[in-house]
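Heads up, the thing below is written out as C-alpha cells.
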Amino acid sequence: MNPFHNTKTDYLAYLFFMDKVHYNEDAYFQMKMELSRRNFNFDNFNQNSYIRLVVKDLFSGWEKQARKMFAELIASGWTFQQPLDYKESWGRMTFRGFHTEVSPKLEQILKRYIKILESTCGNCGSRRKVEGYGDFYFCKKCYLKYLKKYRISNIDKNGFSYFKEKRYHVFWSEINHVEWKTDGYESFHITLNRLSPEEQISREYDARDYISFSTGSFNFFKLLRKLPTGLLTKSQVEEIHQLCNSLKKCPICSRKSVLSTMVDKKCLVCNTFTEKLENPTEKFLKRFGTQQGIIDHDKKNFRRALEDHTVLKYCYKTDMSFK
C-alpha cells in the first residue's frame, strides 16, 4: 500500500509541491502516484493554495496575523515559488526563514512577523501577556484552560477524575494492576491498568485500558497517597510511602515540595536547588552576606515570578500534593 494512502489530498499536495526538503525521491514519486490515483489536477496548485495550506498548518490563533504577513510579502514581490522554511517540532512552530534565496526586504518582513506570531496566543489570537510553555504559546486565559487538563482532581477513597480529550472519573474498583517506575531524570511515572497482567497478554491493545500520570501532572503525589494498598505490591507500597514522606518544606516557596531523595535536591514547585541554600558557596556568601540573605533574595524573586509565570502560580495555588 502507498504510505500516503490515508493522507488528506490538500495536505499531500502541500507536501509534494512545497515541502521538498524532508523526503527522498522515492517518497515524492509515491506522493505523485497517490495524487494521480485521485485524479488530482497538478496545474491547479497556485499561490492561494499554498497560503491556505500554510495558514491551516499554523496554530489557529495565528491565522489573522499570518494572512497579514502574506499580504505584506506579496506586496513586496513574494511568490509561492519562494516557500517558507518552517516546521512543527514537538508541537512548537519553528521558522528558519525561506527555503530559497529572497530579497533582504522579504527576510525583514518574515523576521518581524515571527516575533509577532510568537507573542500571539496560538489558541485565541490574543496578544496580551502571551507566554511560551513547552511547545505552545498561550495568553493567560487559554494557559489556565490548558493547565487544568493536567490536573488530577476529585481524589478520594473512591477514585479520581482526569482529563483526556474530555473529563473522566475513575473508580478504584475499576483498576486491576498498577505499574510504577522512575527514570534517569528522577521523574516518577505510574500507569493504572484496568486489565490484569493476564488480560494484558490475551487481549488486543486498547488505550482506554491504561491511565498514565507522572510528576508533570498536578496533584500527582496526592494521587499516590490515595492509592489503595490492595492494588500495590509490598515493594510498591514501601517505595511510594518512602517517596511521599521524603518531601520536605522549601525555604523559598514554603511548600512541602523538595524531594530529599534526589541527588540534586530541587523544589518541584519553584525549581529552587536547595543545595545552594544549605551549603552556599563563598561567592554567594560574599554577595548576599549570610545564608539568610540568599534565602531572602530568592524569596523576593519567587514572589515576582508568581505574578509573571502562569504555570508557577497555578502549581503554587492548586497542587494539593505540597500543602
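Scheme for the C-alpha cells: letters A, B, ... for chains in order shown; per-chain residue numbers from 1; ligand numbers from 1 in order shown.
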Residue contacts of A:Val178 (7 Å, only C-alpha atoms) excluding same-chain residues fewer than 6 positions away, as an MDAnalysis selection string: chainID A and resid 191:193 231:232
Sel. of strand (DSSP E) residues, stretch 53-237 of chain A, as an MDAnalysis selection string: chainID A and resid 84:89 92:98 131:133 136:138 159:164 166:171 177:182 188:193 210:214
Surrounding residues of stretch 296-300 of chain A excluding itself and chain neighbours under 2 positions, 12 Å, only C-alpha atoms, as a PyMOL selection string: chain A and resi 250-254+270-274+276-277+284-285+287-294+302-307
Considering only C-alpha atoms, return as a short mmCIF file (atom, residue, chain, number, x, y, z; two decimals) with N, CA and C atoms, in the first residue's frame whatever protein or nucleic-acid residues lie within 10 Å of A:Phe95, sequence-local ones (same chain, fewer than 5 positions apart) excluded.
```
data_model
loop_
_atom_site.label_atom_id
_atom_site.label_comp_id
_atom_site.auth_asym_id
_atom_site.auth_seq_id
_atom_site.Cartn_x
_atom_site.Cartn_y
_atom_site.Cartn_z
N LEU A 84 8.19 29.23 2.61
CA LEU A 84 8.72 29.45 3.95
C LEU A 84 9.44 28.20 4.44
N ASP A 85 10.50 28.41 5.19
CA ASP A 85 11.22 27.30 5.82
C ASP A 85 10.77 27.24 7.28
N TYR A 86 9.79 26.42 7.55
CA TYR A 86 9.30 26.28 8.92
C TYR A 86 8.87 24.84 9.15
N LYS A 87 8.75 24.47 10.40
CA LYS A 87 8.24 23.14 10.72
C LYS A 87 7.69 23.14 12.14
N GLU A 88 6.86 22.17 12.39
CA GLU A 88 6.34 21.96 13.74
C GLU A 88 7.10 20.82 14.36
N LEU A 110 9.47 38.77 7.22
CA LEU A 110 9.26 37.48 7.89
C LEU A 110 9.78 37.53 9.33
N LYS A 111 10.97 38.08 9.54
CA LYS A 111 11.53 38.16 10.89
C LYS A 111 10.62 38.96 11.82
N ILE A 114 7.62 36.82 12.65
CA ILE A 114 7.94 35.71 13.56
C ILE A 114 7.82 36.20 15.00
#
```
Which neighbours of A:Phe45 fall inside 9 Å, counting only C-alpha atoms, when residues of the same chain fewer than 5 positions from it are skipped, and could you give them as a short mmCIF file (atom, residue, chain, number, x, y, z; two decimals) with all heavy atoms, in the first residue's frame?
```cif
data_model
loop_
_atom_site.label_atom_id
_atom_site.label_comp_id
_atom_site.auth_asym_id
_atom_site.auth_seq_id
_atom_site.Cartn_x
_atom_site.Cartn_y
_atom_site.Cartn_z
N ALA A 13 -0.80 17.38 -1.38
CA ALA A 13 -0.37 18.32 -2.41
C ALA A 13 0.63 19.32 -1.84
O ALA A 13 1.63 19.68 -2.48
CB ALA A 13 -1.57 19.04 -3.00
N TYR A 14 0.37 19.76 -0.62
CA TYR A 14 1.29 20.69 0.05
C TYR A 14 2.67 20.06 0.21
O TYR A 14 3.69 20.67 -0.10
CB TYR A 14 0.71 21.08 1.40
CG TYR A 14 1.68 21.84 2.28
CD1 TYR A 14 1.93 23.18 2.05
CD2 TYR A 14 2.33 21.21 3.33
CE1 TYR A 14 2.81 23.88 2.83
CE2 TYR A 14 3.23 21.90 4.13
CZ TYR A 14 3.46 23.24 3.88
OH TYR A 14 4.35 23.92 4.67
N PHE A 17 4.40 19.71 -3.40
CA PHE A 17 4.83 20.93 -4.08
C PHE A 17 5.77 21.80 -3.25
O PHE A 17 6.69 22.41 -3.78
CB PHE A 17 3.60 21.77 -4.47
CG PHE A 17 2.87 21.24 -5.66
CD1 PHE A 17 1.71 20.50 -5.49
CD2 PHE A 17 3.33 21.46 -6.94
CE1 PHE A 17 1.02 19.99 -6.58
CE2 PHE A 17 2.64 20.97 -8.04
CZ PHE A 17 1.49 20.22 -7.87
N TYR A 50 -1.24 27.51 -1.68
CA TYR A 50 -0.10 27.47 -0.75
C TYR A 50 -0.42 28.23 0.53
O TYR A 50 -0.24 27.72 1.64
CB TYR A 50 1.14 28.06 -1.42
CG TYR A 50 2.31 28.15 -0.48
CD1 TYR A 50 3.06 27.02 -0.15
CD2 TYR A 50 2.66 29.36 0.13
CE1 TYR A 50 4.12 27.10 0.73
CE2 TYR A 50 3.71 29.44 1.01
CZ TYR A 50 4.45 28.31 1.31
OH TYR A 50 5.50 28.39 2.20
#
```
Alpha helix (DSSP H) per DSSP on the backbone: members of stretch 91-279 of chain A, as a PyMOL selection string: chain A and resi 104-117+140-148+197-202+220-226+234-245+275-278
Atom CA of A:Pro104 to atom CA of A:Gly122, distance in Å rounded to a single decimal: 27.5 Å
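Taking only C-alpha atoms into account, A:Lys157 lies nearest to A:Lys226 out of the set A:Lys226, A:His169, A:Lys105, A:Lys140.
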Skipping near chain neighbours, those fewer than 5 positions away, what residues fall within 8 Å of stretch 61-78 of chain A using only C-alpha atoms, listed as an mmCIF file with C-alpha atoms, in the first residue's frame?
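out_5.cif written:
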```cif
data_model
loop_
_atom_site.group_PDB
_atom_site.id
_atom_site.type_symbol
_atom_site.label_atom_id
_atom_site.label_comp_id
_atom_site.auth_asym_id
_atom_site.auth_seq_id
_atom_site.Cartn_x
_atom_site.Cartn_y
_atom_site.Cartn_z
ATOM 1 C CA ILE A 51 -1.213 30.299 1.552
ATOM 2 C CA VAL A 55 -2.347 29.111 7.385
ATOM 3 C CA LYS A 56 -4.138 25.837 8.098
ATOM 4 C CA LYS A 105 13.137 43.167 2.440
ATOM 5 C CA LEU A 106 11.241 39.856 2.434
ATOM 6 C CA ILE A 109 9.105 41.148 6.900
ATOM 7 C CA LEU A 110 9.263 37.482 7.889
ATOM 8 C CA TYR A 113 6.156 38.569 11.829
ATOM 9 C CA ILE A 116 4.533 38.917 16.236
ATOM 10 C CA LEU A 117 3.417 35.285 15.959
ATOM 11 C CA THR A 120 0.335 35.860 19.865
ATOM 12 C CA CYS A 121 -1.758 33.202 21.623
ATOM 13 C CA GLY A 122 -1.836 30.145 19.391
ATOM 14 C CA ASN A 123 -5.284 29.284 20.680
ATOM 15 C CA CYS A 124 -7.354 32.502 20.625
ATOM 16 C CA GLY A 125 -5.132 35.074 18.897
ATOM 17 C CA SER A 126 -4.799 37.428 21.885
#
```
Using only C-alpha atoms: which of A:Val54, A:Val130, A:Leu144, A:Ile175 has the shortest distance to A:Asn158: A:Ile175
Selected residue of minimal separation from A:Asp308 among A:Ser212, A:Glu275, A:Gly132, A:Glu165, counting only C-alpha atoms: A:Gly132
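Among the candidate residues A:Glu282, A:Asn176, A:Ala27, A:Tyr143, the one lying nearest to A:Gly230 is A:Asn176, with distances computed using only C-alpha atoms.
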Coordinates-based distance that separates atom CA of A:His177 from atom CA of A:Ser153 (Å, one decimal): 20.8 Å
